[in-house]
Number of protein chains: 2
Amino acid sequence: MSDMFGGDGSSGARRRASMREVADLADVAISSVSRVLSGHPDVSAPMRERVLAAVTQLEYEPDFLAQSLRRGMTLSVGFILADISNPLMADIVLGAEAALRGAGYSLLLMNSENDPLLDATHIRFFQSRRVDGMILSLASEQDPATLEMLRQVDVPIVVVDRRLPPEIRASAAVNDHAAGMAAAVRHLIAVGHRRIALITGSVETLPGRERMNAMRRVIEAQSEQVDPIYLPGSFSEEHGEAATRQLLDRSFPPTAIICGGNQLLVGCLRVCQERGVEVGADVSIVSTDDIPLSELYQPPIASIARDTVGLGRTAAELLLRRLTQDSGPETVVLPTVFTPRPSAAPPPERRDGSPSRAG
Amino acid sequence: MSDMFGGDGSSGARRRASMREVADLADVAISSVSRVLSGHPDVSAPMRERVLAAVTQLEYEPDFLAQSLRRGMTLSVGFILADISNPLMADIVLGAEAALRGAGYSLLLMNSENDPLLDATHIRFFQSRRVDGMILSLASEQDPATLEMLRQVDVPIVVVDRRLPPEIRASAAVNDHAAGMAAAVRHLIAVGHRRIALITGSVETLPGRERMNAMRRVIEAQSEQVDPIYLPGSFSEEHGEAATRQLLDRSFPPTAIICGGNQLLVGCLRVCQERGVEVGADVSIVSTDDIPLSELYQPPIASIARDTVGLGRTAAELLLRRLTQDSGPETVVLPTVFTPRPSAAPPPERRDGSPSRAG
DNA sequence: TACGGTTCTGCAACCGTTACCGGAACGTCC
DNA sequence: GGACGTTCCGGTAACGGTTGCAGAACCGTA
C-alpha cells in the first residue's frame, strides 16, 4: 500500500495533500496559500504563480470539512421526506437537488418512513451535522415533538406542501390543491355523479386537508344534492386498497372515487380489478399526481396534476434566497390542473337509486 | 434576536453550546467532558454525574464537523445515480439509506443526469467532502475521466449494477439479468414468436450489456429460426418511443418487444396506444423492473422483476462491511425473476408465410 | 516512612482551514 | 532624511472537538 503514496502521481490512491505541504513546497507561509486560493487581493503575481504551481503539482484540494468548521457553513442542505420511492417525492428531490447543486450546495437525504418521531430525530441530527438549511416534507404538521424540535432550529427551513405555525418562520413551497380538486369535483357533479368518495392521506398534512376542504366547499355550494364520503388515512397502497374495498362493500357504493395520491390510486385500481369493477363505467376515478400509470391506463385516468419537479426547484430557490440574502420566510403557491380523461365518465344508469353496477 | 439566546431554554433558536461551556459549568477539564461522552473508562462516577448534568442543562450536542475533522471520518456516504425520479433508482436509494442510517451513516445524494462528466465531477466533490465511502450507479462504465477519477479515490466504493476494472477494487451489488432475460426470451419463443425486438439502454452499463448478450445466447442456442432486433440507446422514455416507432414502421414488425427498463416501457406503450396497436394481441410486450403500471395495465405486462430495495440494501451492506471490517471488494449477485403475464401472448396469425403456431 | 501500583484528571498538541494583526519593504512627498 | 501610506507576507489564534502523556491523589504493603 505505502508504495502507492508519493508515486508518479498518475494513478493509485494517494494520501491527500494538505495546505501545509503546499506551503512548504512553494516556500511560503500557509496563510499565503489560503489567500491565493480564496482570491484575496493581497497577493503578488510571482507568489500566486509559485503557489498555484505547488497546488497543481501536489493535486491539492481543500478539505471541505476544515473549511466548514472554520467558516461556519457547510454548503449542505438536509432533506427529509417520507419515502423517496414515491415518484412524487422523488421528483421533488430531483428538482431541488439540481437547483441546489447549481448553487454549490449538496443534499443530505433522509427518509422518515412517515414516522413523525423519525422526523424529529432527523431534524436534530441535521442540526449536529450543521447543515446550512433544511427542506422538509414532514409526516405530520402537528406532531409536538417535531414542532418543538423545529423551534430550536437556527437555520432557514423550507417546507414542501406543508404549513407550519408562523413562529417557526419557515418558507413554504405549496400547491394550490383546492383549485384542482374543486375543478375535479365540479366536473364529476356536472357529468351526473351524486355520490362521490374521496380517499386521501393524512389530514395532518396540507394536501390531505386542503383536498378534503375543497371538496366539501364545492359540494356545499352546489344546488344539487350530493352525497360525499371522506376516507382519510395514510398515503399508502394499503389504505387505497382498504378504503376502496370498504366503498365497494357499501349497499350504495359511490359512483365516483377520487384518489388523493398516486399510491392510493394503485391500491384502488388493484381492488377494482380484483372485483371486476370496470373503471369509467361502473365507477369513475380521478387521481392526483400524474404518474405514467394514469396516462397509460385503459381507460386513461383523469387527474389533478402539478409540476412536481418545479415544486422541488421552487423549494430550493426559496431556501437559497434565505441563505444568500437574509430575507424572511416566504410562501410560493404553484398551480394544480385538472385534466379530465375517460376514467371520469357519467355514472351508470340508475334504476332505483341503488347499487349502480349493472354487473 | 439576542434576547433569544440564553433564555429559559424552552424554545426559540439558541446558540449551540460548545464543549468548553459544558466543561466550565461542570467545573472539569474539557478533556474530561470528551471522555465522559465518548465512554472512555477513565472516569469516576461523580465526575460523570456532574458532566452529564451540565450536558442536559445546556442541551449540549457534539459538533459532528469537529468530530469528523479530528477523527478523520465523516460517517457519510456519497451516492451518485443518474436520476432519482426513476422509481428503480429511488427504490435502490430507499434500501441503501435505511441500511446506512441504521449504522449511523448518512447519505449525500447527487444526480448525474446520465452524464459521465457529472459522474466524475461528483466523485471528486465527494472526495473533498471526505465521505467515508461511495455508492455509485454510473452513467457509463467506460468513461475514461470517470475511471481515472475512481482510481484516485481512497475510500471504499460500491457499484450498483455495474462492473468496473479490478484495479479500482470496487465491491458490486448486481442482478443476474441474464437469467430473467433468458427465461423471458424462451417464453416468447415457446409461445411462437420468431421476430423479437429488444429495446434497451446504454450498453456501457451492465444491465444493458447483459440483457442483450443473454437474449443473443438464447436465440443462438435455439433450434428454431428466430430473428432478433436489438435497439440499444438510453434508458429514457424518448428512446422507448423512438425505438417503438421504428419497429412498428418496419415492413415486418416484430411480434414481440422486450423493454429493458421502465422508462422504455412507458415510451413503448405510449406509441402502441397512439398507433392503435393492441398489446398482447398485435404485439407482445415484456418489460423489466416491475412498476405499478406493469401490474395494473390491461393486459398486465409480463416482466422481469427484481428486489430493487434489496439491491440498495445489499449495496449498503457491502459498503458497511468494507468500512467496519477492512475486507476486500466483494460482488453479490441477486436474482431476477420472469413473471409471464397476458401481455406476452402467442403472436397473431402470420400472413407473410413464415411459420406460426396456430394458437 | 518509603515505595510501587491504580485510578482519575488536566495539559497541550493536533485535525486543516481562515482571518486578524503586525511588520517588512518600498515608494513618495515635503 | 524622516514621516507616512501602500503593498505584500508571515505568525498565530481560533473553529470544536480527541487523545497521548504526565502527574496527582490515593491505596496497600513492607
# chains A, B, ... in the order shown; residues from 1 in each chain; ligands from 1
>>> interface_residues(of="chain B", to="chain A", cutoff="8 Å", atoms="only C-alpha atoms", output="PyMOL selection string")
chain B and resi 11-15+61-66+68-69+83-87+90-91+93-94+97-98+106-111+128-130+148+151-154+266+269-270+292-293+296-298
>>> closest_atom_pairs(of="chain D", to="chain A", cutoff="10 Å", atoms="only C-alpha atoms (C1' of nucleotides)", output="CSV")
residue,atom,partner,partner_atom,distance
D:DT7,C1',A:Asp42,CA,7.3
D:DC8,C1',A:Asp42,CA,6.0
D:DC9,C1',A:Ser32,CA,7.0
D:DG10,C1',A:Ala29,CA,5.9
D:DG11,C1',A:Ala29,CA,8.8
D:DA14,C1',A:Arg70,CA,8.4
D:DC15,C1',A:Arg70,CA,4.7
D:DG16,C1',A:Leu69,CA,8.0
>>> atom_distance(atom1="atom CA of Asp119 of chain A", atom2="atom CA of Leu138 of chain A")
6.7 Å
>>> residues_around(residues="Ala302 of chain A", least_positions_apart="4", cutoff="12 Å", atoms="only C-alpha atoms (C1' of nucleotides)", output="PyMOL selection string")
chain A and resi 180-181+183-185+187-188+256-259+265+279-280+284-291+293-298+337-345
>>> write_last_selection(atoms="N, CA and C atoms", output="short mmCIF file (atom, residue, chain, number, x, y, z; two decimals), in the first residue's frame")
data_model
loop_
_atom_site.label_atom_id
_atom_site.label_comp_id
_atom_site.auth_asym_id
_atom_site.auth_seq_id
_atom_site.Cartn_x
_atom_site.Cartn_y
_atom_site.Cartn_z
N GLY A 180 -57.45 22.55 -8.09
CA GLY A 180 -57.55 21.33 -8.89
C GLY A 180 -58.67 20.44 -8.39
N MET A 181 -58.75 20.33 -7.08
CA MET A 181 -59.78 19.46 -6.51
C MET A 181 -61.17 20.00 -6.81
N ALA A 183 -62.10 21.79 -9.31
CA ALA A 183 -62.40 21.55 -10.72
C ALA A 183 -62.83 20.11 -10.94
N ALA A 184 -62.12 19.20 -10.28
CA ALA A 184 -62.43 17.78 -10.45
C ALA A 184 -63.83 17.47 -9.92
N VAL A 185 -64.12 17.96 -8.73
CA VAL A 185 -65.42 17.67 -8.13
C VAL A 185 -66.54 18.27 -8.97
N HIS A 187 -66.47 18.82 -12.09
CA HIS A 187 -66.60 18.01 -13.30
C HIS A 187 -67.44 16.77 -13.03
N LEU A 188 -67.14 16.10 -11.94
CA LEU A 188 -67.88 14.88 -11.62
C LEU A 188 -69.36 15.17 -11.43
N ALA A 256 -68.35 7.63 -8.00
CA ALA A 256 -67.05 8.20 -8.36
C ALA A 256 -66.13 8.18 -7.15
N ILE A 257 -64.86 7.88 -7.42
CA ILE A 257 -63.85 7.86 -6.34
C ILE A 257 -62.72 8.79 -6.74
N ILE A 258 -62.36 9.65 -5.82
CA ILE A 258 -61.18 10.50 -6.05
C ILE A 258 -60.06 9.99 -5.16
N CYS A 259 -58.92 9.66 -5.77
CA CYS A 259 -57.78 9.18 -5.00
C CYS A 259 -56.80 10.32 -4.83
N LEU A 265 -54.12 5.52 -5.56
CA LEU A 265 -54.66 5.09 -6.85
C LEU A 265 -54.29 3.65 -7.14
N VAL A 279 -63.58 0.45 -14.50
CA VAL A 279 -63.29 1.87 -14.32
C VAL A 279 -63.83 2.67 -15.50
N GLY A 280 -64.48 3.77 -15.20
CA GLY A 280 -65.02 4.62 -16.26
C GLY A 280 -66.41 4.16 -16.69
N SER A 284 -66.37 5.86 -11.67
CA SER A 284 -65.46 6.84 -12.23
C SER A 284 -64.32 7.06 -11.24
N ILE A 285 -63.13 7.32 -11.79
CA ILE A 285 -61.98 7.54 -10.90
C ILE A 285 -61.23 8.79 -11.32
N VAL A 286 -60.84 9.56 -10.31
CA VAL A 286 -59.96 10.70 -10.53
C VAL A 286 -58.80 10.53 -9.57
N SER A 287 -57.60 10.86 -10.04
CA SER A 287 -56.45 10.72 -9.15
C SER A 287 -55.67 12.03 -9.10
N THR A 288 -54.80 12.14 -8.15
CA THR A 288 -53.92 13.31 -8.12
C THR A 288 -52.51 12.84 -8.42
N ASP A 289 -51.68 13.77 -8.82
CA ASP A 289 -50.27 13.49 -9.08
C ASP A 289 -50.07 12.47 -10.18
N ASP A 290 -50.16 12.97 -11.38
CA ASP A 290 -49.96 12.15 -12.57
C ASP A 290 -48.73 11.26 -12.47
N ILE A 291 -48.92 10.01 -12.75
CA ILE A 291 -47.79 9.10 -12.95
C ILE A 291 -48.03 8.40 -14.27
N LEU A 293 -48.78 5.58 -15.00
CA LEU A 293 -49.97 4.75 -14.91
C LEU A 293 -51.24 5.51 -15.28
N SER A 294 -51.38 6.73 -14.79
CA SER A 294 -52.63 7.45 -15.02
C SER A 294 -52.80 7.77 -16.49
N GLU A 295 -51.73 8.10 -17.15
CA GLU A 295 -51.82 8.45 -18.57
C GLU A 295 -52.09 7.22 -19.43
N LEU A 296 -51.40 6.11 -19.08
CA LEU A 296 -51.42 4.96 -19.98
C LEU A 296 -52.49 3.93 -19.65
N TYR A 297 -53.09 4.05 -18.48
CA TYR A 297 -54.11 3.09 -18.10
C TYR A 297 -55.24 3.12 -19.12
N GLN A 298 -55.92 1.99 -19.25
CA GLN A 298 -57.09 1.94 -20.12
C GLN A 298 -58.32 1.72 -19.27
N VAL A 337 -53.58 21.46 -11.97
CA VAL A 337 -54.54 21.48 -13.06
C VAL A 337 -55.27 20.15 -13.18
N PHE A 338 -56.56 20.25 -13.36
CA PHE A 338 -57.37 19.04 -13.53
C PHE A 338 -57.45 18.69 -15.00
N THR A 339 -57.07 17.48 -15.32
CA THR A 339 -57.18 17.00 -16.70
C THR A 339 -58.24 15.92 -16.76
N PRO A 340 -59.40 16.22 -17.36
CA PRO A 340 -60.42 15.18 -17.48
C PRO A 340 -59.96 14.12 -18.47
N ARG A 341 -60.17 12.89 -18.11
CA ARG A 341 -59.87 11.79 -19.03
C ARG A 341 -61.00 10.78 -18.90
N PRO A 342 -61.00 9.77 -19.77
CA PRO A 342 -62.17 8.85 -19.82
C PRO A 342 -62.51 8.14 -18.52
N SER A 343 -61.59 8.05 -17.58
CA SER A 343 -61.95 7.36 -16.33
C SER A 343 -63.02 8.12 -15.55
N ALA A 344 -63.16 9.40 -15.89
CA ALA A 344 -64.21 10.19 -15.23
C ALA A 344 -65.35 10.37 -16.23
N ALA A 345 -66.29 9.44 -16.19
CA ALA A 345 -67.40 9.43 -17.15
C ALA A 345 -68.70 9.60 -16.39
#
>>> closest_residue(among="A:Ala17, A:Ala145, A:Val277, A:Leu117", to="chain C", atoms="only C-alpha atoms (C1' of nucleotides)")
A:Ala17
>>> residues_around(residues="Tyr60 of chain B", least_positions_apart="6", cutoff="9 Å", atoms="only C-alpha atoms (C1' of nucleotides)", output="mmCIF file with C-alpha atoms, in the first residue's frame")
data_model
loop_
_atom_site.group_PDB
_atom_site.id
_atom_site.type_symbol
_atom_site.label_atom_id
_atom_site.label_comp_id
_atom_site.auth_asym_id
_atom_site.auth_seq_id
_atom_site.Cartn_x
_atom_site.Cartn_y
_atom_site.Cartn_z
ATOM 1 C CA ARG B 16 -25.390 25.819 20.313
ATOM 2 C CA ALA B 17 -23.409 25.121 23.466
ATOM 3 C CA SER B 18 -19.825 24.000 22.977
ATOM 4 C CA MET B 19 -17.858 21.517 24.979
ATOM 5 C CA GLU B 21 -19.149 25.664 28.189
ATOM 6 C CA VAL B 22 -20.115 22.248 29.425
ATOM 7 C CA ALA B 54 -24.213 20.044 32.611
#
>>> residues_around(residues="Val332 of chain B", least_positions_apart="2", cutoff="8 Å", atoms="only C-alpha atoms (C1' of nucleotides)", output="PDB file with N, CA and C atoms, in the first residue's frame")
ATOM      1  N   ALA B 172     -19.430  -4.818  -5.565  1.00  0.00           N
ATOM      2  CA  ALA B 172     -20.533  -4.647  -6.501  1.00  0.00           C
ATOM      3  C   ALA B 172     -21.769  -5.396  -6.040  1.00  0.00           C
ATOM      4  N   ALA B 173     -22.904  -4.726  -6.132  1.00  0.00           N
ATOM      5  CA  ALA B 173     -24.196  -5.390  -5.928  1.00  0.00           C
ATOM      6  C   ALA B 173     -24.866  -5.406  -7.293  1.00  0.00           C
ATOM      7  N   VAL B 174     -25.035  -6.576  -7.838  1.00  0.00           N
ATOM      8  CA  VAL B 174     -25.584  -6.672  -9.192  1.00  0.00           C
ATOM      9  C   VAL B 174     -26.727  -7.666  -9.238  1.00  0.00           C
ATOM     10  N   THR B 314     -28.383  -4.251  -0.145  1.00  0.00           N
ATOM     11  CA  THR B 314     -27.170  -5.045  -0.325  1.00  0.00           C
ATOM     12  C   THR B 314     -25.961  -4.155  -0.587  1.00  0.00           C
ATOM     13  N   GLU B 330     -16.014  -7.271  -2.772  1.00  0.00           N
ATOM     14  CA  GLU B 330     -16.812  -8.474  -2.999  1.00  0.00           C
ATOM     15  C   GLU B 330     -17.888  -8.153  -4.029  1.00  0.00           C
ATOM     16  N   LEU B 334     -27.767 -10.844  -7.113  1.00  0.00           N
ATOM     17  CA  LEU B 334     -29.147 -11.093  -6.694  1.00  0.00           C
ATOM     18  C   LEU B 334     -29.966 -11.567  -7.887  1.00  0.00           C
TER      19      LEU B 334
END
